[in-house]
Every structure is written in C-alpha cells, then in structure tokens.
Amino acid sequence: MKVPVVTDGDVTADVVIIGAGVVGAMIADQLVGEGQSVAMLDSGPRIDRGQVVENWRDMPIKSRAGSDYQGLYPQNPYAPAPLYFPPNDYIDLSGPDGQSYAQDYIRAVGGTTWHWAASCWRHLPVDFRMKSAYGVGRDWPISYDDLEPYYCRAEEEMGVSGPHDLALQSPSQRSRPYPSDMVPWGYSDTRFARVVDPHGYNCVPIPQARMVQPWNGRPACCGNNNCMPICPIGAMYNAVHHVQRVEARGALVLADSVAYRIDTGANNRVTAIHWYDSDRRSHKATGRAFVVACNGIETPHLLLMAANKMNPEGIANSSDQVGRNMMDHSGFHCTFLADEPLWFGRGPEQTSCMVGFRDGAFRSEYSANKMILYNITRAIPATEQALKLGLVGQALDDEIRRRVAFGVDISISLEPLPDPNNRLTLSKTRRDTLGLACPDIYYELGPYIHKGYDAACDQLRHIGTLFNATEFAITTKLNANNHLMGGTIMGSDPKDSVVDGNCRAHDHDNLWLPGGGAMPSSSVVNSTLSMAALALKSADDIASILRKS
C-alpha cells in the first residue's frame, strides 16, 4: 500500500486532490485502488453527524421555516461559505439576477452531499448537443454514449435506487439497470400522477442515492423527511463514505487546509499546491498529477487566485474562460390547496417529478423544465397560514391538519444557457480572514429563462385546475438550486474552453478540473450524478497517464 510522504508538514504523493466532496473522493477511491498514493486537502472541517442531528433538533423555528441548511454545520473561520443567518459578504452578487445565484454550499470534508436531496439524474442524450440540436448553448466534446458507462459506475458507487420499468426512466437509454429498484411511492405521488399524466406531465420516480435495503455499510432508508439538512442515520449517500474508504487504504486526508497558490514549471506542468493549515501556517504538496475538485465556485476562484508569472491571468486560463459561463438551475415554487387530501410529507423529501416538458422543439426558443413534487411535510407552512387566520384552540388544530393534508408544493427548475458574461472574478476590495481575495459574481438571466418561466407558469395553472386549486400561488423571484456548473467549461478548442473531454486542463497536462464546472450544458436536472460520472472518467484518464509515466 503506497502512502503519501509527510516531511515537516509538507506532503508528497502521486496524486494531490483539492476538495474532499463527491468528485474528489470518488477520484481518490479509484486511484488508491490503482495503487497510487493520494493526498486530499479540504478547506473545511470534519463533520460529526450526531452533533449536526442535535443541531437540527435545536434549530430555531425561524431557521427551519427559512430552509436554513447551512447554520447546522461548523465552519473553518479561514474558509468562509455562504450563510443564511446571518448573511455574510464572502460572495458579492451583482447583475440583474445576482440574487438568484445566492448559493448555500458546505466547505467541509464530504462537501455539500451532507445536505443534498440525493437526486441522481442523468442528462438526456440531446443535452450533450444543444447547439447542434436546437441552435442554442454549446455542444459537449463528448457524447451521452461516452459518459453512459460512467453514469452506471457512479450509480453503483453511490447506491442509486431508480425505476427498473423503462417507461418510468428519464432517460431510458441505459446499458445496465439501477443497482436497486425505485424507492416506493407514497399515496401522494401515486394519486398526483394519476391525475396529471393523462395531460402529458409524465410523473416519474426520482433516482436517488439511498436504498431500500442496506448498501455497502449504509442502512436502508427509513423514510426520514429531513434529508435536507441532514440524514440522521447515514442511509443517504455522502462523499464521507468514500473519504473513509480511502483513508482506510492509506490515503492522507487533511481537513481545514485552504489551498491558495499553484506552482508551475517546465512545459507549464503543475509542480506544487500551497495551502494554509488551521494555524495559518503555509505548507506545500507536490505530486505527479493534480486535481482541483472544489466546486463550481471554489475551483475557478482558486485558479484565478493562484495566478503566477507563467499564468498571469490565472491557472488554466489562457482562454480567458475560467470563471465564465457560471450556471445554476433557476428555480421557483408553486403552492396550492387541492380539493382532496394528498398527504405529502411521507418518506424522503423528493420522490417523484414531472418531466413532460424536459425536452422538445421549444428548447430552440425557451428553457425546458422539471417539476418536483416537494415532499417536505407541510406542517410549518400550514401552521403559519392557520395562525394568520386568527384561529385558536380546536379550530386552529383542525385547520392545521386540513392544510397539511391538502397542501401541495411544486419545485420547478429551469435550464440556463452558458453565457461568458455570467462571470466570477476576484474582488479588488474584499478579503477573507487569510487575506485572500473573495469572489465576485455577475449574473444575468436572459429571455431563454424568462420565456421558460412563462411557459412553466401556464402549465402550473393548468395543473391547478386539475385539482380545483385554492390559494394558488407562484413565486416570482427565481431562487438558486446549488447546482454549480460552467466555471471551467469543457470543449475541444483550447481557445474557448478550459478543459477537454476528460476534464484535463488544456494548459497543464497534469492538472484535472472535474465536476460541475466542466459541464457545458445544464439540462434541467440536478448535476451531481453527471459530476460523479465525470469524476470517474477523469480518474480513468489520470490512471492511464500515470501507468505510462
């Protein structure tokens, strides 16, 4: 078993990985299995699940009602992350739609898979060729068929449950079945689908990284309804599962380690990455191959911050595309009271989704959408609404119960197009506690999204009529979904892209930048499974090159 060498706090390994989230952890697991020594650095702390569960139990109702998934988690004071309460100024958002890009990701070992919904969707085959098929956006330099085997591997690594029935799959082009059949639907999913499917809305099960039986040391899902902000029993996949596996096989994982500088040498190859430890002491990691797998914000942030004499505009940035094309699925909600009890709130937070308008010729003009039946219990909003009616005693109790049973919340996602003007840059005035430049992000959503919003609203109003909806409401402000894409965009031409089809940097032949930042199109589905598939594809590329060297 090869292990990294540590000398006076500095580290030498075959592979140095920055970021211990799902992408970095999966790459580490693959390369340790290849016999390579691996060192992982993560800017955030290690998390104790039990303590976070207690934090959730003690969370004030204001934070629960506001869906604060950040406040439960400890933070490294030298690695700030966006917070709900109180707000901080780590990221400055500007532009007409800046606030719709307000993210809430975790900087910690395991990354944001601590508080995700575990949705594991694949892109559609056509999503890889948006420019060719619809004349908008960009094409990938790889196809769905190129990534499909890695989708299968990622599903197996994470333990994804999904429908074995082809008619319920989106997409159905698969070489292998899901590791487990779908998480069973509750009454609400089944009844809703029965009403809307005759009208073309196509309700399907959400593939999700949890099992109905034990899987690789994880327990079976027992139906807790608070996957966000924390799965209390560890049934839901978390990158920590891979981190623990690689540590047991000799990998070195250093928490509270903030990377800030990247050295390059002959032929512009990366020679070292420098980081600060929790005592603000600087250290250096050297290796043969380097991976930056922070996330779609922190990866371009580091690359720009690490500019050196050979790369004055930033690492991997000869194309001037690092930090450009920032994307996230713009979201909004529709709520109403149905004319019959549906009883949402049983089981995981997300179990079914309408994908009838996930694709179509209209995508040449406006965004596709997906509509998740938000399965979080309606107890808090029902209580808030009933209290506003001035009710007390038994009347209040009865009204809360009625609203919980009849209440519906639909979460809609829209697909942005890559736009180089949607850009992350380094602040000229703001610095974090280490003195490092904070990120600024300019964000603007064009007609493609706004027309897609209008089309989705028409569809939602029709759905409302199918349930004789009362108190029907659609939010007008678009919210972030924490699906970070585009900041290190993939392409075949080094002049207008940052990485190739294996997520290897065009400018540095021993540097890989896998994950959401590399994705040239967003589709309308959560990006995590595609990120994991790209991670495994990158790991194969790294392993192949290391074997030859």
# chains A, B, ... in the order shown; residues from 1 in each chain; ligands from 1
call {"tool": "residues_around", "arguments": {"residues": "Asn224 in chain A", "least_positions_apart": "4", "cutoff": "12 Å", "atoms": "only C-alpha atoms", "output": "MDAnalysis selection string"}}
result
chainID A and resid 117 210 220 228:236 345:350 375:377
call {"tool": "write_last_selection", "arguments": {"atoms": "N, CA, C and O atoms", "output": "PDB file, in the first residue's frame"}}
result
ATOM      1  N   ALA A 117     -30.426  16.479  -1.575  1.00  0.00           N
ATOM      2  CA  ALA A 117     -31.635  15.650  -1.638  1.00  0.00           C
ATOM      3  C   ALA A 117     -31.351  14.267  -2.186  1.00  0.00           C
ATOM      4  O   ALA A 117     -32.249  13.426  -2.248  1.00  0.00           O
ATOM      5  N   ARG A 210     -30.067   6.511  -2.211  1.00  0.00           N
ATOM      6  CA  ARG A 210     -30.426   5.832  -0.965  1.00  0.00           C
ATOM      7  C   ARG A 210     -31.091   4.528  -1.353  1.00  0.00           C
ATOM      8  O   ARG A 210     -31.675   4.424  -2.429  1.00  0.00           O
ATOM      9  N   ALA A 220     -30.604   0.882   5.356  1.00  0.00           N
ATOM     10  CA  ALA A 220     -31.700   1.179   4.438  1.00  0.00           C
ATOM     11  C   ALA A 220     -32.371   2.482   4.846  1.00  0.00           C
ATOM     12  O   ALA A 220     -32.425   2.835   6.030  1.00  0.00           O
ATOM     13  N   MET A 228     -32.582  16.935   3.753  1.00  0.00           N
ATOM     14  CA  MET A 228     -32.009  18.265   3.871  1.00  0.00           C
ATOM     15  C   MET A 228     -32.611  18.858   5.140  1.00  0.00           C
ATOM     16  O   MET A 228     -33.844  18.979   5.213  1.00  0.00           O
ATOM     17  N   PRO A 229     -31.820  19.132   6.163  1.00  0.00           N
ATOM     18  CA  PRO A 229     -30.385  19.368   6.140  1.00  0.00           C
ATOM     19  C   PRO A 229     -29.498  18.194   6.564  1.00  0.00           C
ATOM     20  O   PRO A 229     -28.288  18.301   6.436  1.00  0.00           O
ATOM     21  N   ILE A 230     -30.046  17.063   7.032  1.00  0.00           N
ATOM     22  CA  ILE A 230     -29.154  16.000   7.485  1.00  0.00           C
ATOM     23  C   ILE A 230     -29.912  14.669   7.512  1.00  0.00           C
ATOM     24  O   ILE A 230     -31.040  14.599   8.005  1.00  0.00           O
ATOM     25  N   CYS A 231     -29.311  13.628   6.931  1.00  0.00           N
ATOM     26  CA  CYS A 231     -29.851  12.279   7.081  1.00  0.00           C
ATOM     27  C   CYS A 231     -29.360  11.757   8.429  1.00  0.00           C
ATOM     28  O   CYS A 231     -28.152  11.554   8.616  1.00  0.00           O
ATOM     29  N   PRO A 232     -30.251  11.531   9.378  1.00  0.00           N
ATOM     30  CA  PRO A 232     -29.802  11.215  10.740  1.00  0.00           C
ATOM     31  C   PRO A 232     -29.144   9.854  10.890  1.00  0.00           C
ATOM     32  O   PRO A 232     -28.383   9.635  11.834  1.00  0.00           O
ATOM     33  N   ILE A 233     -29.424   8.932   9.957  1.00  0.00           N
ATOM     34  CA  ILE A 233     -28.897   7.573  10.127  1.00  0.00           C
ATOM     35  C   ILE A 233     -27.816   7.220   9.111  1.00  0.00           C
ATOM     36  O   ILE A 233     -27.256   6.126   9.152  1.00  0.00           O
ATOM     37  N   GLY A 234     -27.506   8.118   8.177  1.00  0.00           N
ATOM     38  CA  GLY A 234     -26.461   7.850   7.196  1.00  0.00           C
ATOM     39  C   GLY A 234     -26.874   6.910   6.090  1.00  0.00           C
ATOM     40  O   GLY A 234     -26.022   6.284   5.464  1.00  0.00           O
ATOM     41  N   ALA A 235     -28.173   6.814   5.821  1.00  0.00           N
ATOM     42  CA  ALA A 235     -28.635   5.973   4.715  1.00  0.00           C
ATOM     43  C   ALA A 235     -28.379   6.646   3.373  1.00  0.00           C
ATOM     44  O   ALA A 235     -28.072   5.978   2.382  1.00  0.00           O
ATOM     45  N   MET A 236     -28.494   7.951   3.331  1.00  0.00           N
ATOM     46  CA  MET A 236     -28.275   8.716   2.106  1.00  0.00           C
ATOM     47  C   MET A 236     -26.777   8.791   1.816  1.00  0.00           C
ATOM     48  O   MET A 236     -25.968   8.968   2.724  1.00  0.00           O
ATOM     49  N   GLY A 345     -45.332  14.505   2.501  1.00  0.00           N
ATOM     50  CA  GLY A 345     -44.532  14.534   3.717  1.00  0.00           C
ATOM     51  C   GLY A 345     -44.169  13.169   4.257  1.00  0.00           C
ATOM     52  O   GLY A 345     -43.537  13.068   5.305  1.00  0.00           O
ATOM     53  N   ARG A 346     -44.533  12.117   3.539  1.00  0.00           N
ATOM     54  CA  ARG A 346     -44.177  10.764   3.967  1.00  0.00           C
ATOM     55  C   ARG A 346     -42.980  10.277   3.161  1.00  0.00           C
ATOM     56  O   ARG A 346     -43.020  10.262   1.936  1.00  0.00           O
ATOM     57  N   GLY A 347     -41.919   9.872   3.829  1.00  0.00           N
ATOM     58  CA  GLY A 347     -40.745   9.355   3.137  1.00  0.00           C
ATOM     59  C   GLY A 347     -39.741  10.453   2.830  1.00  0.00           C
ATOM     60  O   GLY A 347     -39.811  11.561   3.372  1.00  0.00           O
ATOM     61  N   PRO A 348     -38.756  10.171   1.938  1.00  0.00           N
ATOM     62  CA  PRO A 348     -37.725  11.164   1.607  1.00  0.00           C
ATOM     63  C   PRO A 348     -38.330  12.441   1.034  1.00  0.00           C
ATOM     64  O   PRO A 348     -39.474  12.462   0.576  1.00  0.00           O
ATOM     65  N   GLU A 349     -37.525  13.485   1.020  1.00  0.00           N
ATOM     66  CA  GLU A 349     -38.034  14.808   0.652  1.00  0.00           C
ATOM     67  C   GLU A 349     -38.455  14.920  -0.803  1.00  0.00           C
ATOM     68  O   GLU A 349     -39.283  15.754  -1.141  1.00  0.00           O
ATOM     69  N   GLN A 350     -37.848  14.134  -1.679  1.00  0.00           N
ATOM     70  CA  GLN A 350     -38.186  14.193  -3.096  1.00  0.00           C
ATOM     71  C   GLN A 350     -38.284  12.768  -3.630  1.00  0.00           C
ATOM     72  O   GLN A 350     -37.309  12.022  -3.579  1.00  0.00           O
ATOM     73  N   ASN A 375     -41.796  16.923  -1.343  1.00  0.00           N
ATOM     74  CA  ASN A 375     -42.410  16.017  -0.374  1.00  0.00           C
ATOM     75  C   ASN A 375     -42.109  16.392   1.070  1.00  0.00           C
ATOM     76  O   ASN A 375     -42.375  15.614   1.984  1.00  0.00           O
ATOM     77  N   ILE A 376     -41.537  17.570   1.307  1.00  0.00           N
ATOM     78  CA  ILE A 376     -41.308  18.001   2.684  1.00  0.00           C
ATOM     79  C   ILE A 376     -42.655  18.263   3.350  1.00  0.00           C
ATOM     80  O   ILE A 376     -43.558  18.860   2.755  1.00  0.00           O
ATOM     81  N   THR A 377     -42.801  17.805   4.586  1.00  0.00           N
ATOM     82  CA  THR A 377     -44.063  17.985   5.292  1.00  0.00           C
ATOM     83  C   THR A 377     -44.541  19.439   5.257  1.00  0.00           C
ATOM     84  O   THR A 377     -43.742  20.368   5.361  1.00  0.00           O
TER      85      THR A 377
END
call {"tool": "residues_around", "arguments": {"residues": "range 325-334 of chain A", "least_positions_apart": "3", "cutoff": "7 Å", "atoms": "only C-alpha atoms", "output": "PyMOL selection string"}}
result
chain A and resi 100+409-416+418-423+473-475+477-487+524
call {"tool": "select_by_dssp", "arguments": {"residues": "range 212-329 of chain A", "states": "strand (DSSP E)", "output": "list in words"}}
result
Leu252, Val253, Leu254, Val258, Ala259, Tyr260, Arg261, Ile262, Asp263, Thr264, Val270, Thr271, Ala272, Ile273, His274, Trp275, Tyr276, Ser282, His283, Lys284, Ala285, Thr286, Gly287, Arg288, Ala289, Phe290, Val291 and Val292 of chain A
call {"tool": "residues_around", "arguments": {"residues": "range 57-60 of chain A", "least_positions_apart": "5", "cutoff": "10 Å", "atoms": "only C-alpha atoms", "output": "list of chain:residue names"}}
result
A:Gln51, A:Val52, A:Ala65, A:Asp68, A:Gly71, A:Leu72
call {"tool": "residues_around", "arguments": {"residues": "Asp432 in chain A", "least_positions_apart": "3", "cutoff": "8 Å", "atoms": "only C-alpha atoms", "output": "MDAnalysis selection string"}}
result
chainID A and resid 78:80 90 435:438
call {"tool": "write_last_selection", "arguments": {"atoms": "N, CA, C and O atoms", "output": "tab-separated table (two decimals), in the first residue's frame"}}
result
chain	number	residue	atom	x	y	z
A	78	TYR	N	-11.25	30.24	8.48
A	78	TYR	CA	-10.41	30.66	7.36
A	78	TYR	C	-10.98	30.23	6.01
A	78	TYR	O	-10.38	30.51	4.98
A	79	ALA	N	-12.13	29.56	6.02
A	79	ALA	CA	-12.76	29.11	4.77
A	79	ALA	C	-14.24	29.45	4.81
A	79	ALA	O	-15.09	28.58	5.01
A	80	PRO	N	-14.59	30.71	4.67
A	80	PRO	CA	-15.99	31.11	4.76
A	80	PRO	C	-16.83	30.49	3.65
A	80	PRO	O	-16.33	30.19	2.57
A	90	TYR	N	-19.04	37.05	1.88
A	90	TYR	CA	-17.98	36.29	1.25
A	90	TYR	C	-18.09	36.36	-0.28
A	90	TYR	O	-17.12	36.61	-0.99
A	435	GLY	N	-6.65	36.88	4.21
A	435	GLY	CA	-6.16	37.91	3.30
A	435	GLY	C	-6.31	37.56	1.84
A	435	GLY	O	-5.76	38.25	0.97
A	436	LEU	N	-7.07	36.50	1.54
A	436	LEU	CA	-7.26	36.06	0.16
A	436	LEU	C	-8.47	36.78	-0.44
A	436	LEU	O	-9.48	37.01	0.24
A	437	ALA	N	-8.38	37.09	-1.72
A	437	ALA	CA	-9.47	37.80	-2.40
A	437	ALA	C	-10.75	36.98	-2.40
A	437	ALA	O	-10.74	35.79	-2.70
A	438	CYS	N	-11.86	37.61	-2.06
A	438	CYS	CA	-13.16	36.95	-2.10
A	438	CYS	C	-13.70	36.95	-3.53
A	438	CYS	O	-13.29	37.75	-4.36
call {"tool": "closest_residue", "arguments": {"among": "A:Pro45, A:Pro177, A:Gly516, A:Gly501", "to": "Glu155 in chain A", "atoms": "only C-alpha atoms"}}
result
A:Pro177
call {"tool": "closest_atom_pairs", "arguments": {"of": "range 97-196 of chain A", "to": "range 359-362 of chain A", "cutoff": "9 Å", "atoms": "only C-alpha atoms", "output": "CSV"}}
result
residue,atom,partner,partner_atom,distance
A:Leu124,CA,A:Asp359,CA,8.6
A:Val126,CA,A:Asp359,CA,8.6
A:Asp127,CA,A:Asp359,CA,8.9
A:Ala133,CA,A:Ala361,CA,8.9
A:Tyr134,CA,A:Ala361,CA,7.3
call {"tool": "write_last_selection", "arguments": {"atoms": "N, CA and C atoms", "output": "PDB file, in the first residue's frame"}}
result
ATOM      1  N   LEU A 124     -30.086  13.987 -20.596  1.00  0.00           N
ATOM      2  CA  LEU A 124     -30.596  13.325 -21.793  1.00  0.00           C
ATOM      3  C   LEU A 124     -29.505  13.298 -22.863  1.00  0.00           C
ATOM      4  N   VAL A 126     -29.660  14.284 -25.864  1.00  0.00           N
ATOM      5  CA  VAL A 126     -29.688  15.527 -26.628  1.00  0.00           C
ATOM      6  C   VAL A 126     -29.082  16.682 -25.838  1.00  0.00           C
ATOM      7  N   ASP A 127     -29.027  16.579 -24.514  1.00  0.00           N
ATOM      8  CA  ASP A 127     -28.455  17.655 -23.705  1.00  0.00           C
ATOM      9  C   ASP A 127     -26.968  17.856 -23.996  1.00  0.00           C
ATOM     10  N   ALA A 133     -28.533  20.476 -31.921  1.00  0.00           N
ATOM     11  CA  ALA A 133     -29.944  20.091 -31.986  1.00  0.00           C
ATOM     12  C   ALA A 133     -30.884  21.290 -32.003  1.00  0.00           C
ATOM     13  N   TYR A 134     -30.564  22.327 -31.219  1.00  0.00           N
ATOM     14  CA  TYR A 134     -31.516  23.424 -31.042  1.00  0.00           C
ATOM     15  C   TYR A 134     -30.943  24.799 -31.379  1.00  0.00           C
TER      16      TYR A 134
END
call {"tool": "closest_residue", "arguments": {"among": "A:Asn369, A:Ser427, A:Asn226, A:Ser175", "to": "Glu148 in chain A", "atoms": "only C-alpha atoms"}}
result
A:Ser175
call {"tool": "residues_around", "arguments": {"residues": "Thr299 in chain A", "least_positions_apart": "5", "cutoff": "8 Å", "atoms": "only C-alpha atoms", "output": "list in words"}}
result
Val292, Ala293, Cys294, Gly487, Thr488, Leu513 and Gly517 of chain A
call {"tool": "atom_distance", "arguments": {"atom1": "CA of Met305 in chain A", "atom2": "CA of Arg430 in chain A"}}
result
13.1 Å
call {"tool": "closest_residue", "arguments": {"among": "A:Tyr101, A:Tyr187, A:Ile61, A:Asp139", "to": "Glu384 in chain A", "atoms": "only C-alpha atoms"}}
result
A:Ile61
call {"tool": "decode", "arguments": {"residues": "range 479-520 of chain A", "atoms": "N, CA and C atoms", "output": "mmCIF file, in the first residue's frame"}}
result
data_model
loop_
_atom_site.group_PDB
_atom_site.id
_atom_site.type_symbol
_atom_site.label_atom_id
_atom_site.label_comp_id
_atom_site.auth_asym_id
_atom_site.auth_seq_id
_atom_site.Cartn_x
_atom_site.Cartn_y
_atom_site.Cartn_z
ATOM 1 N N ASN A 479 -34.968 31.397 -7.559
ATOM 2 C CA ASN A 479 -34.033 31.046 -6.497
ATOM 3 C C ASN A 479 -32.914 30.158 -7.027
ATOM 4 N N ALA A 480 -31.820 30.099 -6.278
ATOM 5 C CA ALA A 480 -30.710 29.216 -6.613
ATOM 6 C C ALA A 480 -31.054 27.788 -6.214
ATOM 7 N N ASN A 481 -30.396 26.830 -6.869
ATOM 8 C CA ASN A 481 -30.580 25.414 -6.528
ATOM 9 C C ASN A 481 -29.279 24.727 -6.146
ATOM 10 N N ASN A 482 -28.183 25.488 -6.094
ATOM 11 C CA ASN A 482 -26.886 24.943 -5.655
ATOM 12 C C ASN A 482 -26.358 23.877 -6.602
ATOM 13 N N HIS A 483 -26.690 23.966 -7.871
ATOM 14 C CA HIS A 483 -26.183 23.056 -8.901
ATOM 15 C C HIS A 483 -25.179 23.855 -9.740
ATOM 16 N N LEU A 484 -23.958 23.932 -9.248
ATOM 17 C CA LEU A 484 -22.964 24.852 -9.801
ATOM 18 C C LEU A 484 -22.304 24.255 -11.033
ATOM 19 N N MET A 485 -22.366 24.981 -12.138
ATOM 20 C CA MET A 485 -21.859 24.485 -13.423
ATOM 21 C C MET A 485 -21.206 25.615 -14.203
ATOM 22 N N GLY A 486 -20.287 25.233 -15.104
ATOM 23 C CA GLY A 486 -19.823 26.116 -16.155
ATOM 24 C C GLY A 486 -18.556 26.911 -15.951
ATOM 25 N N GLY A 487 -18.069 27.081 -14.721
ATOM 26 C CA GLY A 487 -16.956 27.992 -14.471
ATOM 27 C C GLY A 487 -15.606 27.542 -14.993
ATOM 28 N N THR A 488 -15.489 26.259 -15.358
ATOM 29 C CA THR A 488 -14.258 25.741 -16.001
ATOM 30 C C THR A 488 -14.689 24.893 -17.191
ATOM 31 N N ILE A 489 -15.360 25.506 -18.112
ATOM 32 C CA ILE A 489 -16.161 24.822 -19.116
ATOM 33 C C ILE A 489 -15.339 23.924 -20.043
ATOM 34 N N MET A 490 -15.959 22.828 -20.443
ATOM 35 C CA MET A 490 -15.346 21.800 -21.280
ATOM 36 C C MET A 490 -15.524 22.126 -22.761
ATOM 37 N N GLY A 491 -14.524 21.756 -23.559
ATOM 38 C CA GLY A 491 -14.635 21.938 -25.002
ATOM 39 C C GLY A 491 -13.459 21.317 -25.721
ATOM 40 N N SER A 492 -13.573 21.207 -27.029
ATOM 41 C CA SER A 492 -12.491 20.625 -27.829
ATOM 42 C C SER A 492 -11.487 21.677 -28.285
ATOM 43 N N ASP A 493 -11.849 22.952 -28.228
ATOM 44 C CA ASP A 493 -10.982 24.035 -28.674
ATOM 45 C C ASP A 493 -10.398 24.762 -27.464
ATOM 46 N N PRO A 494 -9.082 24.704 -27.267
ATOM 47 C CA PRO A 494 -8.467 25.400 -26.120
ATOM 48 C C PRO A 494 -8.687 26.902 -26.131
ATOM 49 N N LYS A 495 -9.086 27.462 -27.259
ATOM 50 C CA LYS A 495 -9.274 28.903 -27.323
ATOM 51 C C LYS A 495 -10.564 29.361 -26.652
ATOM 52 N N ASP A 496 -11.563 28.451 -26.519
ATOM 53 C CA ASP A 496 -12.820 28.877 -25.906
ATOM 54 C C ASP A 496 -13.296 27.929 -24.815
ATOM 55 N N SER A 497 -12.384 27.156 -24.252
ATOM 56 C CA SER A 497 -12.747 26.247 -23.175
ATOM 57 C C SER A 497 -11.550 26.057 -22.254
ATOM 58 N N VAL A 498 -11.801 25.464 -21.100
ATOM 59 C CA VAL A 498 -10.768 25.312 -20.069
ATOM 60 C C VAL A 498 -10.233 23.888 -20.009
ATOM 61 N N VAL A 499 -11.127 22.904 -20.193
ATOM 62 C CA VAL A 499 -10.723 21.503 -20.089
ATOM 63 C C VAL A 499 -11.220 20.725 -21.297
ATOM 64 N N ASP A 500 -10.642 19.528 -21.487
ATOM 65 C CA ASP A 500 -11.070 18.654 -22.580
ATOM 66 C C ASP A 500 -12.126 17.670 -22.087
ATOM 67 N N GLY A 501 -12.437 16.673 -22.895
ATOM 68 C CA GLY A 501 -13.498 15.728 -22.556
ATOM 69 C C GLY A 501 -13.201 14.829 -21.371
ATOM 70 N N ASN A 502 -11.945 14.804 -20.923
ATOM 71 C CA ASN A 502 -11.581 14.081 -19.702
ATOM 72 C C ASN A 502 -11.397 15.021 -18.520
ATOM 73 N N CYS A 503 -11.783 16.268 -18.706
ATOM 74 C CA CYS A 503 -11.641 17.314 -17.683
ATOM 75 C C CYS A 503 -10.182 17.640 -17.389
ATOM 76 N N ARG A 504 -9.291 17.336 -18.342
ATOM 77 C CA ARG A 504 -7.885 17.720 -18.183
ATOM 78 C C ARG A 504 -7.703 19.125 -18.741
ATOM 79 N N ALA A 505 -6.996 19.974 -18.005
ATOM 80 C CA ALA A 505 -6.794 21.361 -18.414
ATOM 81 C C ALA A 505 -6.015 21.427 -19.717
ATOM 82 N N HIS A 506 -6.473 22.246 -20.637
ATOM 83 C CA HIS A 506 -5.751 22.417 -21.895
ATOM 84 C C HIS A 506 -4.341 22.963 -21.650
ATOM 85 N N ASP A 507 -4.177 23.794 -20.631
ATOM 86 C CA ASP A 507 -2.909 24.493 -20.416
ATOM 87 C C ASP A 507 -1.877 23.694 -19.620
ATOM 88 N N HIS A 508 -2.320 22.656 -18.910
ATOM 89 C CA HIS A 508 -1.428 21.939 -17.992
ATOM 90 C C HIS A 508 -1.728 20.448 -18.107
ATOM 91 N N ASP A 509 -0.768 19.682 -18.630
ATOM 92 C CA ASP A 509 -1.094 18.292 -18.952
ATOM 93 C C ASP A 509 -1.121 17.359 -17.736
ATOM 94 N N ASN A 510 -0.883 17.886 -16.524
ATOM 95 C CA ASN A 510 -1.022 17.050 -15.323
ATOM 96 C C ASN A 510 -2.005 17.646 -14.320
ATOM 97 N N LEU A 511 -2.959 18.440 -14.835
ATOM 98 C CA LEU A 511 -3.981 19.058 -13.988
ATOM 99 C C LEU A 511 -5.369 18.727 -14.520
ATOM 100 N N TRP A 512 -6.230 18.233 -13.624
ATOM 101 C CA TRP A 512 -7.616 17.907 -13.984
ATOM 102 C C TRP A 512 -8.568 18.765 -13.152
ATOM 103 N N LEU A 513 -9.651 19.201 -13.776
ATOM 104 C CA LEU A 513 -10.641 20.071 -13.135
ATOM 105 C C LEU A 513 -12.030 19.479 -13.317
ATOM 106 N N PRO A 514 -12.287 18.310 -12.742
ATOM 107 C CA PRO A 514 -13.562 17.630 -12.978
ATOM 108 C C PRO A 514 -14.694 18.193 -12.122
ATOM 109 N N GLY A 515 -15.916 17.868 -12.518
ATOM 110 C CA GLY A 515 -17.076 18.272 -11.731
ATOM 111 C C GLY A 515 -18.008 19.174 -12.499
ATOM 112 N N GLY A 516 -18.885 19.852 -11.767
ATOM 113 C CA GLY A 516 -19.904 20.669 -12.398
ATOM 114 C C GLY A 516 -19.342 21.814 -13.212
ATOM 115 N N GLY A 517 -18.210 22.373 -12.797
ATOM 116 C CA GLY A 517 -17.631 23.493 -13.528
ATOM 117 C C GLY A 517 -17.320 23.174 -14.972
ATOM 118 N N ALA A 518 -17.055 21.894 -15.262
ATOM 119 C CA ALA A 518 -16.703 21.496 -16.626
ATOM 120 C C ALA A 518 -17.920 21.351 -17.539
ATOM 121 N N MET A 519 -19.127 21.308 -16.987
ATOM 122 C CA MET A 519 -20.309 20.960 -17.770
ATOM 123 C C MET A 519 -20.731 22.104 -18.693
ATOM 124 N N PRO A 520 -20.805 21.861 -20.021
ATOM 125 C CA PRO A 520 -21.175 22.909 -20.976
ATOM 126 C C PRO A 520 -22.677 23.132 -21.105
#
